Amino acid sequence: MSDSGGTLPATDSNISATGELGLLYNKGNTNSSSINAKFNISQELEKWSYQAIANTRYKTSKEADDGGDEYDVTTAQKNFISTQIDFKLASPDERIFIYAEYENDRFDIYDYQTLVASGWSERLWRDEFSEFKYSVGPGYAIAEAKNDEDNDDLQGVILRTALEYTLEISKSAQFRQFISTETDPEYTRTKSETSLSTKIFGSLAMKLSFIMEHNSNAEVTQESLDTETAVTLVYQFF
């Protein structure tokens, strides 16, 4: 689902690009460091709109060998990229979308997961302070198992739905709730991101987010629910 929308005229001023960066370093009982980075670009044109997102997360921690020497161990490494194109119908709030995503998680049982979906997208309302939109449609998903894992590849037809609500709390603060679900008769994966952004000065803002990802088909050795709380700096390029 595209983060941008509306019946705005097709000018370059309707393009939006933001970058996020979060760094965390712990020292003491636990020595670790992590980085979260995200880039988001979207634009509204007269007949169509698009959005592309790239996100990466990397985390290391210190461990000691039998001799007491410390060394770095990678404990998380995940890359995600998605894009969506919306084709506007007679009413610009009603659209046909095409969505695609790719995810690579070094510590997942699958080497990569990817899907393509297409269907109906609509903005139910947009006023001075808030906006709500959704998309729903069939798609095809593939999850390729790692060579060293005793698991089968997964592939098949899925149904993808996505909901997004944004609220301008003030001139400098925004609340956003995003939920997406991909499901078939034997599998459901749900992602949720709740965030609050506050402008610091100029084009720089601080963002607090809580992310949940639930996988109904998780292995016995895996938790079915992953959660992440992050504080990042957001820069609005244009």
# chains A, B, ... in the order shown; residues from 1 in each chain; ligands from 1
$ residues_around --residues "segment 86-90 of chain A" --least-positions-apart "2" --cutoff "10 Å" --atoms "only C-alpha atoms" --output "list in words"
Met1, Ser2, Gly5, Thr7, Glu44, Leu45, Glu46, Lys47, Trp48, Ser49, Tyr50, Gln51, Gln84, Pro92, Asp93, Glu94, Arg95, Ile96, Phe97, Ile98, Tyr99, Ser118, Gly119, Trp120, Ser121 and Glu122 of chain A
$ write_last_selection --atoms "C-alpha atoms" --output "tab-separated table (two decimals), in the first residue's frame"
chain	number	residue	atom	x	y	z
A	1	MET	CA	0.00	0.00	0.00
A	2	SER	CA	1.35	3.34	-1.00
A	5	GLY	CA	-2.17	9.45	-2.01
A	7	THR	CA	-5.97	13.98	-6.02
A	44	GLU	CA	1.55	11.06	-6.81
A	45	LEU	CA	1.06	11.57	-10.54
A	46	GLU	CA	-2.09	12.38	-12.48
A	47	LYS	CA	-2.91	8.82	-13.56
A	48	TRP	CA	-0.90	6.71	-11.15
A	49	SER	CA	1.25	6.68	-8.02
A	50	TYR	CA	4.10	4.60	-6.70
A	51	GLN	CA	5.98	3.81	-3.52
A	84	GLN	CA	3.67	-0.75	-5.14
A	92	PRO	CA	-8.62	9.01	-8.01
A	93	ASP	CA	-9.41	7.45	-4.60
A	94	GLU	CA	-10.24	4.13	-6.31
A	95	ARG	CA	-7.29	2.30	-7.81
A	96	ILE	CA	-5.91	-0.97	-9.17
A	97	PHE	CA	-2.59	-1.87	-7.55
A	98	ILE	CA	0.38	-4.11	-8.26
A	99	TYR	CA	2.59	-4.97	-5.26
A	118	SER	CA	-2.57	-7.31	-7.48
A	119	GLY	CA	-6.07	-6.09	-6.72
A	120	TRP	CA	-8.22	-3.23	-5.46
A	121	SER	CA	-6.97	-0.22	-3.49
A	122	GLU	CA	-9.11	2.60	-2.10
$ residues_around --residues "Leu233 of chain A" --least-positions-apart "5" --cutoff "9 Å" --atoms "only C-alpha atoms" --output "PyMOL selection string"
chain A and resi 19-22+204-207
$ residues_around --residues "Ser130 of chain A" --least-positions-apart "5" --cutoff "9 Å" --atoms "only C-alpha atoms" --output "NGL selection string"
:A and (125 or 165-169)
$ write_last_selection --atoms "all heavy atoms" --output "short mmCIF file (atom, residue, chain, number, x, y, z; two decimals), in the first residue's frame"
data_model
loop_
_atom_site.label_atom_id
_atom_site.label_comp_id
_atom_site.auth_asym_id
_atom_site.auth_seq_id
_atom_site.Cartn_x
_atom_site.Cartn_y
_atom_site.Cartn_z
N TRP A 125 -11.24 7.69 3.27
CA TRP A 125 -11.43 9.10 3.57
C TRP A 125 -10.07 9.79 3.73
O TRP A 125 -9.07 9.16 4.02
CB TRP A 125 -12.28 9.33 4.82
CG TRP A 125 -11.56 9.21 6.13
CD1 TRP A 125 -10.67 10.10 6.70
CD2 TRP A 125 -11.66 8.14 7.06
NE1 TRP A 125 -10.22 9.64 7.90
CE2 TRP A 125 -10.82 8.43 8.16
CE3 TRP A 125 -12.38 6.94 7.08
CZ2 TRP A 125 -10.68 7.58 9.25
CZ3 TRP A 125 -12.23 6.10 8.17
CH2 TRP A 125 -11.40 6.42 9.23
N TYR A 165 -3.68 3.78 8.54
CA TYR A 165 -4.36 4.94 9.12
C TYR A 165 -3.31 5.92 9.61
O TYR A 165 -2.35 5.54 10.30
CB TYR A 165 -5.25 4.51 10.29
CG TYR A 165 -5.86 5.67 11.05
CD1 TYR A 165 -6.90 6.42 10.50
CD2 TYR A 165 -5.39 6.03 12.31
CE1 TYR A 165 -7.46 7.48 11.18
CE2 TYR A 165 -5.95 7.09 13.01
CZ TYR A 165 -6.98 7.81 12.44
OH TYR A 165 -7.53 8.86 13.13
N THR A 166 -3.46 7.19 9.24
CA THR A 166 -2.55 8.23 9.72
C THR A 166 -3.36 9.36 10.33
O THR A 166 -4.47 9.67 9.87
CB THR A 166 -1.68 8.80 8.58
OG1 THR A 166 -2.53 9.28 7.52
CG2 THR A 166 -0.74 7.73 8.02
N LEU A 167 -2.79 9.96 11.37
CA LEU A 167 -3.46 11.04 12.08
C LEU A 167 -2.45 12.13 12.40
O LEU A 167 -1.41 11.85 13.03
CB LEU A 167 -4.09 10.52 13.37
CG LEU A 167 -4.70 11.57 14.31
CD1 LEU A 167 -5.89 12.26 13.65
CD2 LEU A 167 -5.10 10.93 15.63
N GLU A 168 -2.73 13.34 11.97
CA GLU A 168 -1.90 14.49 12.31
C GLU A 168 -2.33 14.99 13.70
O GLU A 168 -3.35 15.66 13.84
CB GLU A 168 -2.06 15.59 11.27
CG GLU A 168 -1.64 15.20 9.87
CD GLU A 168 -0.13 15.00 9.74
OE1 GLU A 168 0.61 15.59 10.56
OE2 GLU A 168 0.28 14.28 8.83
N ILE A 169 -1.54 14.64 14.71
CA ILE A 169 -1.88 15.03 16.07
C ILE A 169 -1.69 16.54 16.25
O ILE A 169 -2.47 17.21 16.93
CB ILE A 169 -1.02 14.25 17.08
CG1 ILE A 169 -1.27 12.75 16.90
CG2 ILE A 169 -1.32 14.68 18.51
CD1 ILE A 169 -0.35 11.89 17.74
#
$ atom_distance --atom1 "atom CA of Thr74 of chain A" --atom2 "atom CA of Thr18 of chain A"
27.5 Å
$ closest_residue --among "A:Lys146, A:Ala64, A:Val157, A:Phe201" --to "Ala173 of chain A" --atoms "only C-alpha atoms"
A:Phe201
$ select_by_dssp --residues "segment 74-160 of chain A" --states "strand (DSSP E)" --output "PyMOL selection string"
chain A and resi 74-88+94-105+110-126+130-145+154-160
$ residues_around --residues "Tyr58 of chain A" --least-positions-apart "3" --cutoff "8 Å" --atoms "only C-alpha atoms" --output "list of chain:residue names"
A:Ser34, A:Ile35, A:Asn36, A:Thr74, A:Thr75, A:Ala76, A:Gln77, A:Lys78
$ residues_around --residues "Ser192 of chain A" --least-positions-apart "6" --cutoff "7 Å" --atoms "only C-alpha atoms" --output "list of chain:residue names"
A:Phe178, A:Ile179, A:Ser180, A:Ile211, A:Met212, A:Glu213
$ write_last_selection --atoms "all heavy atoms" --output "PDB file, in the first residue's frame"
ATOM      1  N   PHE A 178      -0.136   0.712  10.576  1.00  0.00           N
ATOM      2  CA  PHE A 178      -0.139  -0.057   9.330  1.00  0.00           C
ATOM      3  C   PHE A 178      -0.219  -1.545   9.668  1.00  0.00           C
ATOM      4  O   PHE A 178       0.493  -2.026  10.552  1.00  0.00           O
ATOM      5  CB  PHE A 178       1.124   0.226   8.513  1.00  0.00           C
ATOM      6  CG  PHE A 178       1.217  -0.607   7.260  1.00  0.00           C
ATOM      7  CD1 PHE A 178       0.522  -0.242   6.115  1.00  0.00           C
ATOM      8  CD2 PHE A 178       1.983  -1.754   7.233  1.00  0.00           C
ATOM      9  CE1 PHE A 178       0.602  -1.007   4.971  1.00  0.00           C
ATOM     10  CE2 PHE A 178       2.071  -2.532   6.089  1.00  0.00           C
ATOM     11  CZ  PHE A 178       1.377  -2.159   4.952  1.00  0.00           C
ATOM     12  N   ILE A 179      -1.094  -2.272   8.968  1.00  0.00           N
ATOM     13  CA  ILE A 179      -1.246  -3.717   9.157  1.00  0.00           C
ATOM     14  C   ILE A 179      -1.356  -4.369   7.785  1.00  0.00           C
ATOM     15  O   ILE A 179      -2.114  -3.895   6.924  1.00  0.00           O
ATOM     16  CB  ILE A 179      -2.495  -4.070   9.991  1.00  0.00           C
ATOM     17  CG1 ILE A 179      -2.424  -3.429  11.372  1.00  0.00           C
ATOM     18  CG2 ILE A 179      -2.636  -5.587  10.127  1.00  0.00           C
ATOM     19  CD1 ILE A 179      -3.684  -3.637  12.193  1.00  0.00           C
ATOM     20  N   SER A 180      -0.619  -5.460   7.575  1.00  0.00           N
ATOM     21  CA  SER A 180      -0.748  -6.246   6.352  1.00  0.00           C
ATOM     22  C   SER A 180      -0.810  -7.728   6.709  1.00  0.00           C
ATOM     23  O   SER A 180      -0.199  -8.170   7.696  1.00  0.00           O
ATOM     24  CB  SER A 180       0.411  -5.981   5.387  1.00  0.00           C
ATOM     25  OG  SER A 180       1.621  -6.484   5.909  1.00  0.00           O
ATOM     26  N   ILE A 211       6.915  -2.710  16.224  1.00  0.00           N
ATOM     27  CA  ILE A 211       6.652  -3.583  15.086  1.00  0.00           C
ATOM     28  C   ILE A 211       6.412  -5.002  15.580  1.00  0.00           C
ATOM     29  O   ILE A 211       7.163  -5.514  16.419  1.00  0.00           O
ATOM     30  CB  ILE A 211       7.818  -3.558  14.090  1.00  0.00           C
ATOM     31  CG1 ILE A 211       8.051  -2.131  13.583  1.00  0.00           C
ATOM     32  CG2 ILE A 211       7.563  -4.501  12.918  1.00  0.00           C
ATOM     33  CD1 ILE A 211       9.328  -1.969  12.781  1.00  0.00           C
ATOM     34  N   MET A 212       5.363  -5.619  15.072  1.00  0.00           N
ATOM     35  CA  MET A 212       5.064  -7.015  15.371  1.00  0.00           C
ATOM     36  C   MET A 212       4.932  -7.799  14.067  1.00  0.00           C
ATOM     37  O   MET A 212       4.374  -7.297  13.093  1.00  0.00           O
ATOM     38  CB  MET A 212       3.762  -7.130  16.164  1.00  0.00           C
ATOM     39  CG  MET A 212       3.774  -6.489  17.527  1.00  0.00           C
ATOM     40  SD  MET A 212       2.257  -6.838  18.478  1.00  0.00           S
ATOM     41  CE  MET A 212       1.051  -5.975  17.467  1.00  0.00           C
ATOM     42  N   GLU A 213       5.464  -9.011  14.069  1.00  0.00           N
ATOM     43  CA  GLU A 213       5.319  -9.905  12.926  1.00  0.00           C
ATOM     44  C   GLU A 213       4.958 -11.295  13.432  1.00  0.00           C
ATOM     45  O   GLU A 213       5.717 -11.896  14.204  1.00  0.00           O
ATOM     46  CB  GLU A 213       6.596  -9.956  12.085  1.00  0.00           C
ATOM     47  CG  GLU A 213       6.469 -10.834  10.852  1.00  0.00           C
ATOM     48  CD  GLU A 213       7.651 -10.723   9.909  1.00  0.00           C
ATOM     49  OE1 GLU A 213       8.369  -9.709   9.994  1.00  0.00           O
ATOM     50  OE2 GLU A 213       7.851 -11.649   9.101  1.00  0.00           O
TER      51      GLU A 213
END
$ residues_around --residues "His214 of chain A" --least-positions-apart "2" --cutoff "10 Å" --atoms "only C-alpha atoms" --output "list in words"
Thr181, Thr188, Arg189, Thr190, Lys191, Ser192, Met212, Ser216, Asn217, Ala218, Glu223, Ser224, Leu225, Asp226 and Thr227 of chain A
$ write_last_selection --atoms "N, CA and C atoms" --output "mmCIF file, in the first residue's frame"
data_model
loop_
_atom_site.group_PDB
_atom_site.id
_atom_site.type_symbol
_atom_site.label_atom_id
_atom_site.label_comp_id
_atom_site.auth_asym_id
_atom_site.auth_seq_id
_atom_site.Cartn_x
_atom_site.Cartn_y
_atom_site.Cartn_z
ATOM 1 N N THR A 181 -1.560 -8.483 5.915
ATOM 2 C CA THR A 181 -1.719 -9.918 6.149
ATOM 3 C C THR A 181 -1.631 -10.660 4.827
ATOM 4 N N THR A 188 -0.543 -18.090 7.582
ATOM 5 C CA THR A 188 -0.885 -16.666 7.716
ATOM 6 C C THR A 188 0.313 -15.932 8.283
ATOM 7 N N ARG A 189 0.672 -14.827 7.636
ATOM 8 C CA ARG A 189 1.736 -13.957 8.147
ATOM 9 C C ARG A 189 1.179 -12.544 8.254
ATOM 10 N N THR A 190 1.285 -11.975 9.436
ATOM 11 C CA THR A 190 0.739 -10.652 9.694
ATOM 12 C C THR A 190 1.839 -9.726 10.195
ATOM 13 N N LYS A 191 1.886 -8.527 9.631
ATOM 14 C CA LYS A 191 2.832 -7.505 10.058
ATOM 15 C C LYS A 191 2.070 -6.278 10.539
ATOM 16 N N SER A 192 2.554 -5.681 11.621
ATOM 17 C CA SER A 192 1.938 -4.473 12.161
ATOM 18 C C SER A 192 3.022 -3.504 12.577
ATOM 19 N N MET A 212 5.363 -5.619 15.072
ATOM 20 C CA MET A 212 5.064 -7.015 15.371
ATOM 21 C C MET A 212 4.932 -7.799 14.067
ATOM 22 N N SER A 216 2.171 -17.920 11.472
ATOM 23 C CA SER A 216 1.450 -19.093 11.973
ATOM 24 C C SER A 216 2.143 -20.400 11.633
ATOM 25 N N ASN A 217 3.130 -20.342 10.717
ATOM 26 C CA ASN A 217 3.814 -21.547 10.261
ATOM 27 C C ASN A 217 5.237 -21.623 10.794
ATOM 28 N N ALA A 218 5.491 -21.014 11.952
ATOM 29 C CA ALA A 218 6.835 -21.009 12.519
ATOM 30 C C ALA A 218 7.262 -22.415 12.947
ATOM 31 N N GLU A 223 9.970 -18.659 17.605
ATOM 32 C CA GLU A 223 8.792 -18.014 18.171
ATOM 33 C C GLU A 223 7.862 -17.597 17.028
ATOM 34 N N SER A 224 6.570 -17.765 17.219
ATOM 35 C CA SER A 224 5.626 -17.382 16.174
ATOM 36 C C SER A 224 5.448 -15.870 16.088
ATOM 37 N N LEU A 225 5.801 -15.145 17.166
ATOM 38 C CA LEU A 225 5.644 -13.692 17.198
ATOM 39 C C LEU A 225 6.981 -13.017 17.444
ATOM 40 N N ASP A 226 7.372 -12.141 16.525
ATOM 41 C CA ASP A 226 8.563 -11.303 16.685
ATOM 42 C C ASP A 226 8.109 -9.875 16.950
ATOM 43 N N THR A 227 8.762 -9.213 17.900
ATOM 44 C CA THR A 227 8.449 -7.809 18.184
ATOM 45 C C THR A 227 9.733 -6.990 18.167
#
